[in-house]
$ cat target.pdb   # PDB, C-alpha atoms
ATOM      1  CA  MET A1007      13.297  45.200  26.323
ATOM      2  CA  THR A1008      12.106  42.343  28.545
ATOM      3  CA  GLU A1009      15.706  41.426  29.395
ATOM      4  CA  THR A1010      16.444  45.062  30.273
ATOM      5  CA  MET A1011      13.378  45.217  32.534
ATOM      6  CA  GLY A1012      14.378  41.926  34.115
ATOM      7  CA  ARG A1013      17.867  43.222  34.848
ATOM      8  CA  ARG A1014      16.447  46.448  36.271
ATOM      9  CA  GLU A1015      14.066  44.546  38.544
ATOM     10  CA  ARG A1016      16.882  42.276  39.734
ATOM     11  CA  LYS A1017      19.030  45.311  40.519
ATOM     12  CA  LYS A1018      16.184  46.931  42.473
ATOM     13  CA  ALA A1019      15.609  43.711  44.409
ATOM     14  CA  ALA A1020      19.330  43.420  45.176
ATOM     15  CA  THR A1021      19.470  47.029  46.417
ATOM     16  CA  ARG A1022      16.406  46.499  48.578
ATOM     17  CA  GLN A1023      17.913  43.339  50.070
ATOM     18  CA  ALA A1024      21.244  45.060  50.710
ATOM     19  CA  LEU A1025      19.464  47.855  52.577
ATOM     20  CA  ALA A1026      17.403  45.424  54.662
ATOM     21  CA  ASP A1027      20.484  43.341  55.514
ATOM     22  CA  ALA A1028      22.552  46.401  56.427
ATOM     23  CA  ALA A1029      19.757  47.775  58.594
ATOM     24  CA  LEU A1030      19.279  44.511  60.471
ATOM     25  CA  ASP A1031      23.014  44.153  61.139
ATOM     26  CA  LEU A1032      23.315  47.748  62.372
ATOM     27  CA  PHE A1033      20.144  47.627  64.488
ATOM     28  CA  LEU A1034      21.190  44.367  66.143
ATOM     29  CA  GLU A1035      24.694  45.671  66.846
ATOM     30  CA  HIS A1036      23.895  49.201  68.007
ATOM     31  CA  GLY A1037      20.168  49.280  68.756
ATOM     32  CA  PHE A1038      17.406  50.745  66.617
ATOM     33  CA  ASP A1039      17.451  54.243  68.085
ATOM     34  CA  ALA A1040      21.231  54.631  67.791
ATOM     35  CA  VAL A1041      21.274  54.006  64.030
ATOM     36  CA  SER A1042      20.227  56.687  61.533
ATOM     37  CA  ILE A1043      18.827  56.379  58.030
ATOM     38  CA  ARG A1044      22.120  57.814  56.772
ATOM     39  CA  ASP A1045      24.046  55.067  58.598
ATOM     40  CA  VAL A1046      22.009  52.388  56.825
ATOM     41  CA  ALA A1047      22.351  54.048  53.417
ATOM     42  CA  GLU A1048      26.112  54.363  53.817
ATOM     43  CA  ALA A1049      26.454  50.728  54.929
ATOM     44  CA  ALA A1050      24.580  49.634  51.793
ATOM     45  CA  ASP A1051      26.560  52.115  49.642
ATOM     46  CA  VAL A1052      23.515  54.025  48.388
ATOM     47  CA  SER A1053      22.089  57.505  48.924
ATOM     48  CA  THR A1054      19.337  58.248  51.441
ATOM     49  CA  THR A1055      17.155  59.194  48.460
ATOM     50  CA  THR A1056      17.590  55.687  47.079
ATOM     51  CA  LEU A1057      16.808  54.203  50.483
ATOM     52  CA  PHE A1058      13.503  56.082  50.652
ATOM     53  CA  LYS A1059      12.577  54.824  47.175
ATOM     54  CA  HIS A1060      12.585  51.324  48.649
ATOM     55  CA  PHE A1061      11.444  51.925  52.233
ATOM     56  CA  PRO A1062       9.053  54.647  53.415
ATOM     57  CA  SER A1063      10.421  54.750  56.959
ATOM     58  CA  LYS A1064      13.201  53.564  59.226
ATOM     59  CA  GLU A1065      10.869  51.011  60.822
ATOM     60  CA  ALA A1066       9.982  49.536  57.424
ATOM     61  CA  LEU A1067      13.628  48.536  56.921
ATOM     62  CA  LEU A1068      13.161  45.746  59.450
ATOM     63  CA  PHE A1069      10.005  44.407  57.831
ATOM     64  CA  ASP A1070      11.129  44.166  54.231
ATOM     65  CA  MET A1071       9.021  41.024  53.669
ATOM     66  CA  ASP A1072       5.805  42.711  54.834
ATOM     67  CA  VAL A1073       4.005  42.631  51.455
ATOM     68  CA  ASP A1074       5.188  39.093  50.699
ATOM     69  CA  LEU A1075       3.957  37.850  54.074
ATOM     70  CA  GLU A1076       0.509  39.293  53.490
ATOM     71  CA  SER A1077       0.313  37.915  49.947
ATOM     72  CA  ALA A1078       1.335  34.467  51.177
ATOM     73  CA  LEU A1079      -1.364  34.509  53.872
ATOM     74  CA  VAL A1080      -4.049  35.370  51.334
ATOM     75  CA  ALA A1081      -2.688  32.804  48.871
ATOM     76  CA  ALA A1082      -2.838  30.080  51.550
ATOM     77  CA  VAL A1083      -6.615  30.544  51.560
ATOM     78  CA  ARG A1084      -7.292  31.273  47.901
ATOM     79  CA  GLU A1085      -4.909  28.766  46.331
ATOM     80  CA  ARG A1086      -5.492  25.756  48.578
ATOM     81  CA  SER A1087      -6.615  22.485  47.003
ATOM     82  CA  PRO A1088     -10.370  21.731  46.922
ATOM     83  CA  ASP A1089     -10.063  19.031  49.583
ATOM     84  CA  THR A1090      -8.150  21.273  52.021
ATOM     85  CA  SER A1091     -10.068  23.297  54.594
ATOM     86  CA  VAL A1092      -9.099  26.881  55.390
ATOM     87  CA  ILE A1093      -7.961  25.789  58.844
ATOM     88  CA  GLN A1094      -5.715  23.088  57.391
ATOM     89  CA  ALA A1095      -4.318  25.519  54.829
ATOM     90  CA  LEU A1096      -3.552  28.172  57.458
ATOM     91  CA  ARG A1097      -2.043  25.621  59.834
ATOM     92  CA  THR A1098       0.284  24.338  57.103
ATOM     93  CA  HIS A1099       1.191  27.881  56.111
ATOM     94  CA  MET A1100       2.022  28.922  59.679
ATOM     95  CA  LEU A1101       4.097  25.806  60.365
ATOM     96  CA  GLY A1102       6.058  26.421  57.157
ATOM     97  CA  ALA A1103       7.280  29.796  58.417
ATOM     98  CA  ARG A1104      10.973  30.454  58.994
ATOM     99  CA  ALA A1105      10.267  30.841  62.717
ATOM    100  CA  PHE A1106       9.827  27.075  62.985
ATOM    101  CA  LYS A1107      13.088  26.138  61.280
ATOM    102  CA  THR A1108      15.792  25.322  63.822
ATOM    103  CA  GLN A1109      18.595  26.859  61.747
ATOM    104  CA  TYR A1110      16.984  30.306  62.201
ATOM    105  CA  GLU A1111      16.302  30.061  65.953
ATOM    106  CA  GLU A1112      19.112  32.372  67.040
ATOM    107  CA  GLN A1113      18.379  34.950  64.316
ATOM    108  CA  ILE A1114      14.639  34.954  65.051
ATOM    109  CA  ALA A1115      15.248  35.311  68.799
ATOM    110  CA  ALA A1116      17.531  38.325  68.254
ATOM    111  CA  PHE A1117      15.007  39.885  65.872
ATOM    112  CA  ARG A1118      12.161  39.474  68.377
ATOM    113  CA  GLN A1119      14.286  40.893  71.170
ATOM    114  CA  LEU A1120      15.038  43.950  69.036
ATOM    115  CA  ILE A1121      11.332  44.525  68.350
ATOM    116  CA  ASP A1122      10.231  43.910  71.947
ATOM    117  CA  SER A1123      12.804  46.381  73.288
ATOM    118  CA  THR A1124      11.880  49.220  70.915
ATOM    119  CA  PRO A1125       8.504  50.989  71.342
ATOM    120  CA  ALA A1126       8.498  52.329  67.758
ATOM    121  CA  LEU A1127       8.997  48.819  66.397
ATOM    122  CA  ILE A1128       6.347  47.324  68.678
ATOM    123  CA  GLU A1129       3.841  49.853  67.335
ATOM    124  CA  TYR A1130       4.898  49.375  63.709
ATOM    125  CA  HIS A1131       4.702  45.587  64.044
ATOM    126  CA  ARG A1132       1.246  45.793  65.623
ATOM    127  CA  SER A1133      -0.017  48.052  62.822
ATOM    128  CA  MET A1134       1.453  45.736  60.168
ATOM    129  CA  TRP A1135      -0.103  42.671  61.803
ATOM    130  CA  MET A1136      -3.516  44.368  61.874
ATOM    131  CA  ARG A1137      -3.252  44.979  58.118
ATOM    132  CA  HIS A1138      -2.443  41.317  57.591
ATOM    133  CA  GLU A1139      -5.411  40.410  59.756
ATOM    134  CA  ARG A1140      -7.797  42.535  57.663
ATOM    135  CA  ALA A1141      -6.416  41.113  54.415
ATOM    136  CA  LEU A1142      -6.780  37.539  55.678
ATOM    137  CA  ALA A1143     -10.313  38.177  56.965
ATOM    138  CA  GLY A1144     -11.253  39.593  53.557
ATOM    139  CA  ALA A1145      -9.806  36.551  51.764
ATOM    140  CA  LEU A1146     -11.724  34.202  54.063
ATOM    141  CA  ALA A1147     -14.990  36.074  53.568
ATOM    142  CA  ASP A1148     -14.512  36.164  49.797
ATOM    143  CA  ASP A1149     -13.660  32.464  49.680
ATOM    144  CA  LEU A1150     -16.752  31.515  51.677
ATOM    145  CA  GLY A1151     -19.128  33.908  49.951
ATOM    146  CA  ALA A1152     -19.667  35.760  53.231
ATOM    147  CA  PRO A1153     -20.041  39.531  53.733
ATOM    148  CA  ALA A1154     -16.716  41.389  53.801
ATOM    149  CA  ASP A1155     -17.254  42.292  57.478
ATOM    150  CA  ASP A1156     -18.325  38.802  58.583
ATOM    151  CA  PRO A1157     -17.444  38.515  62.303
ATOM    152  CA  ALA A1158     -16.572  34.797  62.144
ATOM    153  CA  CYS A1159     -14.038  35.406  59.353
ATOM    154  CA  ALA A1160     -12.577  38.373  61.241
ATOM    155  CA  ALA A1161     -12.277  36.259  64.385
ATOM    156  CA  LEU A1162     -10.602  33.374  62.552
ATOM    157  CA  ALA A1163      -8.097  35.725  60.912
ATOM    158  CA  HIS A1164      -7.253  37.279  64.278
ATOM    159  CA  LEU A1165      -6.880  33.966  66.088
ATOM    160  CA  ALA A1166      -4.884  32.333  63.291
ATOM    161  CA  LEU A1167      -2.355  35.166  63.422
ATOM    162  CA  GLU A1168      -2.322  35.024  67.212
ATOM    163  CA  ALA A1169      -1.298  31.363  66.916
ATOM    164  CA  ARG A1170       1.959  32.510  65.344
ATOM    165  CA  THR A1171       2.422  35.090  68.106
ATOM    166  CA  LEU A1172       1.832  32.364  70.691
ATOM    167  CA  ALA A1173       4.516  30.272  69.035
ATOM    168  CA  GLY A1174       7.001  33.084  69.498
ATOM    169  CA  THR A1175       6.577  32.990  73.272
ATOM    170  CA  SER A1176       6.446  29.222  73.707
ATOM    171  CA  PRO A1177       9.413  26.842  74.058
ATOM    172  CA  GLY A1178       7.525  24.227  72.006
ATOM    173  CA  SER A1179       6.508  26.571  69.197
ATOM    174  CA  GLU A1180       5.274  23.942  66.740
ATOM    175  CA  ALA A1181       3.226  22.171  69.415
ATOM    176  CA  ALA A1182       1.741  25.531  70.457
ATOM    177  CA  VAL A1183       0.617  26.298  66.906
ATOM    178  CA  ASN A1184      -0.877  22.834  66.473
ATOM    179  CA  ALA A1185      -2.740  23.133  69.780
ATOM    180  CA  ALA A1186      -4.135  26.527  68.734
ATOM    181  CA  PHE A1187      -5.271  25.210  65.359
ATOM    182  CA  ASP A1188      -6.801  22.096  66.926
ATOM    183  CA  LEU A1189      -8.975  24.412  69.005
ATOM    184  CA  LEU A1190      -9.753  26.633  66.008
ATOM    185  CA  GLU A1191     -10.711  23.667  63.849
ATOM    186  CA  LYS A1192     -13.284  22.400  66.324
ATOM    187  CA  GLY A1193     -14.748  25.838  66.978
ATOM    188  CA  TRP A1194     -14.708  26.974  63.349
ATOM    189  CA  GLU A1195     -16.917  24.121  62.205
ATOM    190  CA  SER A1196     -19.707  25.320  64.483
ATOM    191  CA  VAL A1197     -19.630  29.010  63.540
ATOM    192  CA  ARG A1198     -18.279  29.319  59.998
ATOM    193  CA  PRO A1199     -20.433  30.925  57.275
ATOM    194  CA  GLY A1200     -21.924  28.650  54.592
ATOM    195  CA  LYS A1201     -21.656  25.475  56.655
ATOM    196  CA  GLY A1202     -23.246  23.489  53.859
ATOM    197  CA  ARG A1203     -20.081  23.489  51.720
ATOM    198  CA  ALA A1204     -16.397  22.755  52.178
ATOM    199  CA  ALA A1205     -14.485  25.411  54.071
TER     200      ALA A1205
END
$ encode --input "target.pdb" --output "structure tokens"
Amino acid sequence: MTETMGRRERKKAATRQALADAALDLFLEHGFDAVSIRDVAEAADVSTTTLFKHFPSKEALLFDMDVDLESALVAAVRERSPDTSVIQALRTHMLGARAFKTQYEEQIAAFRQLIDSTPALIEYHRSMWMRHERALAGALADDLGAPADDPACAALAHLALEARTLAGTSPGSEAAVNAAFDLLEKGWESVRPGKGRAA
């Protein structure tokens, strides 16, 4: 039974990946608006019904790692070692992103260009990023024993995510992220909740 479930999950994951890959290729080649859901389904050799079982919308096809990205952000805070501050953990997490690996530079640039040139994708990306921001703020507040709506945790979550956005518009992306986190580290120590314990 476990082996059957494992095979089923692998097949689902493979189908999901095939759809995401097909969508990205088609969107980059023809533009987001010129490609239909049916086009993507046919390229991945599945039905549109199957596509919608994996992705709730056309926009979601481009952000297939959405849930994983959010989980990884939260894990960076919750699963850090006791001697690592939240700022250090978030800095390390951000710098470990694919966007900072030279072998992906061309792919990342094309992906960003596609988003920036498509209003529907700009809006979807903004909405997704706001969800990540709320999840990260909640993880920070929980970790520090602060109220769920603590303004310092909300501000840190927002600014930490903005550091990655800044990196996307800067020629020295890694230096930009480090500069942002240097500023955050100094400011965070003066405003963070529960200053009497490690954070």
$ resolve_selection --input "target.pdb" --expression "the PyMOL selection byres ((chain A and resi 1034) around 12)" --output "ChimeraX atom specification"
/A:1027-1033,1035-1041,1068,1113-1121,1123-1124
$ residues_around --input "target.pdb" --residues "range 1074-1088 of chain A" --least-positions-apart "4" --cutoff "10 Å" --atoms "all atoms listed in the file" --output "NGL selection string"
:A and (1069-1070 or 1092-1100 or 1103 or 1134-1135 or 1137-1146 or 1148-1149 or 1163 or 1167 or 1204-1205)
$ closest_residue --input "target.pdb" --among "A:Leu1172, A:Val1046, A:Leu1127, A:Ala1024" --to "Ala1066 in chain A" --atoms "all atoms listed in the file"
A:Leu1127
$ atom_distance --input "target.pdb" --atom1 "CA of Asn1184 in chain A" --atom2 "CA of His1164 in chain A"
15.9 Å
$ residues_around --input "target.pdb" --residues "range 1168-1170 of chain A" --least-positions-apart "4" --cutoff "8 Å" --atoms "all atoms listed in the file" --output "PyMOL selection string"
chain A and resi 1100+1164+1174+1182-1183+1186-1187
$ atom_distance --input "target.pdb" --atom1 "CA of Leu1165 in chain A" --atom2 "CA of Trp1194 in chain A"
10.8 Å
$ atom_distance --input "target.pdb" --atom1 "CA of Gly1151 in chain A" --atom2 "CA of Met1071 in chain A"
29.3 Å
$ closest_residue --input "target.pdb" --among "A:Ala1019, A:Leu1057, A:Leu1189, A:Val1073" --to "Ala1166 in chain A" --atoms "only C-alpha atoms"
A:Leu1189
$ resolve_selection --input "target.pdb" --expression "the PyMOL selection byres ((chain A and resi 1158) around 8)" --output "PDB file with C-alpha atoms, in the frame of the given file"
ATOM      1  CA  ASP A1156     -18.325  38.802  58.583  1.00  0.00           C
ATOM      2  CA  PRO A1157     -17.444  38.515  62.303  1.00  0.00           C
ATOM      3  CA  CYS A1159     -14.038  35.406  59.353  1.00  0.00           C
ATOM      4  CA  ALA A1160     -12.577  38.373  61.241  1.00  0.00           C
ATOM      5  CA  ALA A1161     -12.277  36.259  64.385  1.00  0.00           C
ATOM      6  CA  LEU A1162     -10.602  33.374  62.552  1.00  0.00           C
ATOM      7  CA  VAL A1197     -19.630  29.010  63.540  1.00  0.00           C
ATOM      8  CA  ARG A1198     -18.279  29.319  59.998  1.00  0.00           C
ATOM      9  CA  PRO A1199     -20.433  30.925  57.275  1.00  0.00           C
TER      10      PRO A1199
END
$ resolve_selection --input "target.pdb" --expression "the PyMOL selection byres ((chain A and resi 1047) around 12)" --output "number ranges by chain"
A: 1021-1022, 1024-1029, 1032, 1041-1046, 1048-1061, 1064, 1067
$ write_last_selection --input "target.pdb" --atoms "C-alpha atoms" --output "short mmCIF file (atom, residue, chain, number, x, y, z; two decimals), in the coordinates of the input"
data_model
loop_
_atom_site.label_atom_id
_atom_site.label_comp_id
_atom_site.auth_asym_id
_atom_site.auth_seq_id
_atom_site.Cartn_x
_atom_site.Cartn_y
_atom_site.Cartn_z
CA THR A 1021 19.47 47.03 46.42
CA ARG A 1022 16.41 46.50 48.58
CA ALA A 1024 21.24 45.06 50.71
CA LEU A 1025 19.46 47.86 52.58
CA ALA A 1026 17.40 45.42 54.66
CA ASP A 1027 20.48 43.34 55.51
CA ALA A 1028 22.55 46.40 56.43
CA ALA A 1029 19.76 47.78 58.59
CA LEU A 1032 23.32 47.75 62.37
CA VAL A 1041 21.27 54.01 64.03
CA SER A 1042 20.23 56.69 61.53
CA ILE A 1043 18.83 56.38 58.03
CA ARG A 1044 22.12 57.81 56.77
CA ASP A 1045 24.05 55.07 58.60
CA VAL A 1046 22.01 52.39 56.82
CA GLU A 1048 26.11 54.36 53.82
CA ALA A 1049 26.45 50.73 54.93
CA ALA A 1050 24.58 49.63 51.79
CA ASP A 1051 26.56 52.12 49.64
CA VAL A 1052 23.52 54.02 48.39
CA SER A 1053 22.09 57.50 48.92
CA THR A 1054 19.34 58.25 51.44
CA THR A 1055 17.16 59.19 48.46
CA THR A 1056 17.59 55.69 47.08
CA LEU A 1057 16.81 54.20 50.48
CA PHE A 1058 13.50 56.08 50.65
CA LYS A 1059 12.58 54.82 47.18
CA HIS A 1060 12.58 51.32 48.65
CA PHE A 1061 11.44 51.92 52.23
CA LYS A 1064 13.20 53.56 59.23
CA LEU A 1067 13.63 48.54 56.92
#
$ closest_residue --input "target.pdb" --among "A:Lys1018, A:Lys1192, A:His1131, A:Arg1013" --to "Asp1072 in chain A" --atoms "only C-alpha atoms"
A:His1131
